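Worksheet: the structure to be examined is printed underneath.
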Amino acid sequence: MASLGDMNDKTAAEVASLLAPLPTLQLQEYFNQLISSRRCNGIQVKHNGTFGKGVYANTEFQEDELILKDQILVGIQHSSNKVDCLVCSFCFRFIGSIEKQIGRKLYFKNMGLSGCCGGADDSSESEEDECLKYNGNASSSSNHSSIPQGVVSSLMNGEMALPHTDNYPLPSPLSCPGGCQEAFYCSGSCAEADWESSHSLLCTGERSKSVSREALGEFIKHSNETNDIFLLAAKAIAFTILRYRKLKAEHVNKQAKQSVSKQSLLLEAWKPVSVGYKRRWWDCIALPDDVDPSDEGAFRMQIKDLASTSLELLKTAIFDKECEPLFSLEIYGNIIGMFELNNLDLVVASPVEDYFLYIDDLPDAEKDEAEEITRPFLDALGDEYSDCCQGTAFFPLQSCMNHSCCPNAKAFKREEDRDGQAVIIALRRISKNEEVTISYIDEELPYKERQALLADYGFTCNCPKCLEDSSVA
């Protein structure tokens with residue numbers, strides 16, 4: 001894989017232009033439009049030449065008041081979490097039914113599976129169909145109390161209803177329009193949005209728009225075996241390619257007299273990704289505790305080689321000649337580094353946990369009656385009954401929020417927040433024109449530990465708490 005220095009002059013110049021910071025006016029215009037579309041006019045993004053971007057209050061916020069709900073630009077559910085939670089592949093809302101969610105968890109638990117086994121094969125059967133094929137042939141593993149597989153199958157296929165689940169209705173799962181049987185959705189609008197934004201290139205089904213479904217399967221397999229952050233990077237590249245194609249088609253359809261270069265269209269398509277702070281992944285990834293500092297150079301070279309291998313697989317799967325700069329290792333490394341430095345955990349609370357808590361809060365007589373049915377399932381699930389959807393995502397506005405060890409806001413999901421959007425809540429009163437800050441780490445840690453963790457983000461914190469602590473450290 002060629003480095004930036006090994007590319008021809010034209011490609012190197014195109015890569016450099018993609019990585020160049022947007023002019024301040026363009027950046028401000030982009031964020032103003034984004035804030036307007038999010039209907040969160042109580043904030044604004046300002047650019048400071050010394051500290052970069054920051055989010056500031058346009059109005060006063062009270063403690064616990066909602067500041068922002070930020071939609072995902074690109075996000076993934078962790079591969080290992082797919083065993084525990086069936087969610088919409090676009091908005092990450094739980095789908096199916098309480099019975100289906102419990103049944104899937106028990107099926108995989110009985111099979112002794114603790115991580116997602118879903119590769120990218122071309123099977124026409126869905127995950128649920130595959131589960132039901134076994135219907136009683138699965139061997140029990142280390143669960144607290146085994147449930148007969150026939151009962152598990154009845155839960156999964158809707159033949160068995162648990163008491164009071166009508167209080168927790170979930171959308172019926174819709175299959176991927178490309179036929180991959182790996183992505184499921186809560187609605188037709190989510191399926192369409194995901195298909196148009198990235199999944200049409202990353203689908204392994206018969207209607208996939210990829211160059212090679214076989215190569216795409218190899219890329220997904222490699223990502224699941226090494227680091228699923230590659231799947232997120234692939235989404236960013238697919239997103240940009242599809243935006244480029246759409247912009248190009250719109251330009252052609254307008255029959256514009258003034259020609260627009262392919263590079264100009266690519267820069268415009270890339271803009272939503274370009275606004276994130278970036279460094280190359282192998283330069284910014286934190287050195288693991290089990291790697292000796294003397295081996296740091298070798299470790300970072302291994303990370304670079306791993307990214308190179310992943311990129312070669314992705315290039316074989318979805319390469320687009322007109323978007324060739326996106327497939328340079330320099331771009332790929334910076335995309336992954338952006339996620340390393342800017343990502344926010346994607347967390348959606350499980351309705352299964354809410355359901356069992358509801359049963360526990362029923363009046364004694366109703367509770368006893370319900371628990372005659374539900375208790376065996378709760379015992380079989382053990383601590384896993386409360387497993388939430390977990391993943392990682394890039395949120396354009398949240399990523400602009402700077403760190404403070406004494407923040408005035410936090411990421412916090414309220415009872416009504418049931419999808420993957422980032423939710424930012426005020427921790428205290430925030431004055432108009434005050435910067436909105438969050439903590440990237442556990443701010444209760446000692447000063448030296450905080451500074452060590454923040455060094456991985458590439459800065460030294462000089463917030464009031466750190467300035468005070470440094471004077472006594």
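Letters A, B, ... mark the chains of the structure tokens in the order given; residue numbers begin at 1 per chain; ligand numbers begin at 1, in order shown.
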
Run DSSP on the backbone and grab whatever in region 236-384 of chain A lands in helix (DSSP H, G or I); send it over as JSON, numbers by chain.
-> {"A": [236, 237, 238, 239, 240, 241, 242, 243, 244, 245, 246, 247, 248, 249, 250, 251, 252, 253, 262, 263, 264, 265, 266, 267, 268, 269, 270, 271, 272, 273, 274, 281, 282, 283, 284, 293, 294, 295, 296, 297, 298, 299, 300, 301, 302, 303, 304, 305, 306, 307, 308, 309, 310, 311, 312, 313, 314, 315, 316, 317, 318, 321, 322, 323, 324, 325, 326, 327, 329, 330, 331, 332, 333, 334, 335, 336, 337, 338, 339, 340, 341, 342, 351, 352, 353, 354, 355, 356, 357, 358, 359, 360, 364, 365, 366, 367, 368, 369, 370, 371, 372, 373, 374, 375, 376, 377, 378, 379, 380, 381, 382, 383, 384]}

Near-Ala236 (chain A) list (12 Å; only C-alpha atoms; drop same-chain fewer than 2 positions) as number ranges by chain = A: 72-76, 197-199, 201-202, 229-234, 238-243, 269-274, 276, 326-327, 331-332, 334-336, 338-339, 393-394

Ala422 (chain A) proximity check over A:Glu65, A:Asp292, A:Asp166, A:Asp345, using only C-alpha atoms: winner is A:Asp345

Near region 161-163 of chain A, within 7 Å and counting only C-alpha atoms, which residues show up once chain neighbours fewer than 2 positions away are dropped, as a PDB file with all heavy atoms, in the first residue's frame?
```
ATOM      1  N   GLU A  99     -40.406 -11.093  23.651  1.00  0.00           N
ATOM      2  CA  GLU A  99     -40.239 -12.545  23.546  1.00  0.00           C
ATOM      3  C   GLU A  99     -39.087 -12.904  22.605  1.00  0.00           C
ATOM      4  O   GLU A  99     -38.276 -13.786  22.915  1.00  0.00           O
ATOM      5  CB  GLU A  99     -41.538 -13.187  23.045  1.00  0.00           C
ATOM      6  CG  GLU A  99     -42.672 -13.175  24.061  1.00  0.00           C
ATOM      7  CD  GLU A  99     -43.493 -11.898  24.046  1.00  0.00           C
ATOM      8  OE1 GLU A  99     -43.126 -10.961  23.307  1.00  0.00           O
ATOM      9  OE2 GLU A  99     -44.496 -11.834  24.776  1.00  0.00           O
ATOM     10  N   GLY A 158     -42.795 -16.311  17.949  1.00  0.00           N
ATOM     11  CA  GLY A 158     -44.056 -15.660  18.272  1.00  0.00           C
ATOM     12  C   GLY A 158     -45.169 -16.574  18.704  1.00  0.00           C
ATOM     13  O   GLY A 158     -46.316 -16.125  18.868  1.00  0.00           O
ATOM     14  N   GLU A 159     -44.867 -17.847  18.929  1.00  0.00           N
ATOM     15  CA  GLU A 159     -45.910 -18.788  19.344  1.00  0.00           C
ATOM     16  C   GLU A 159     -46.206 -18.705  20.841  1.00  0.00           C
ATOM     17  O   GLU A 159     -47.247 -19.187  21.292  1.00  0.00           O
ATOM     18  CB  GLU A 159     -45.498 -20.220  18.984  1.00  0.00           C
ATOM     19  CG  GLU A 159     -45.424 -20.474  17.483  1.00  0.00           C
ATOM     20  CD  GLU A 159     -44.916 -21.866  17.162  1.00  0.00           C
ATOM     21  OE1 GLU A 159     -44.583 -22.608  18.120  1.00  0.00           O
ATOM     22  OE2 GLU A 159     -44.837 -22.207  15.966  1.00  0.00           O
ATOM     23  N   THR A 165     -46.174  -8.110  28.194  1.00  0.00           N
ATOM     24  CA  THR A 165     -45.242  -7.585  27.183  1.00  0.00           C
ATOM     25  C   THR A 165     -45.915  -6.581  26.255  1.00  0.00           C
ATOM     26  O   THR A 165     -45.223  -5.844  25.540  1.00  0.00           O
ATOM     27  CB  THR A 165     -44.635  -8.726  26.348  1.00  0.00           C
ATOM     28  OG1 THR A 165     -45.692  -9.507  25.772  1.00  0.00           O
ATOM     29  CG2 THR A 165     -43.743  -9.610  27.183  1.00  0.00           C
ATOM     30  N   ALA A 370     -47.464 -13.472  37.548  1.00  0.00           N
ATOM     31  CA  ALA A 370     -46.603 -13.255  36.380  1.00  0.00           C
ATOM     32  C   ALA A 370     -45.279 -13.995  36.518  1.00  0.00           C
ATOM     33  O   ALA A 370     -44.776 -14.591  35.552  1.00  0.00           O
ATOM     34  CB  ALA A 370     -46.361 -11.760  36.191  1.00  0.00           C
TER      35      ALA A 370
END
```

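A straight line drawn from CA of Leu27 (chain A) to CA of Thr11 (chain A) is 24.2 Å long.
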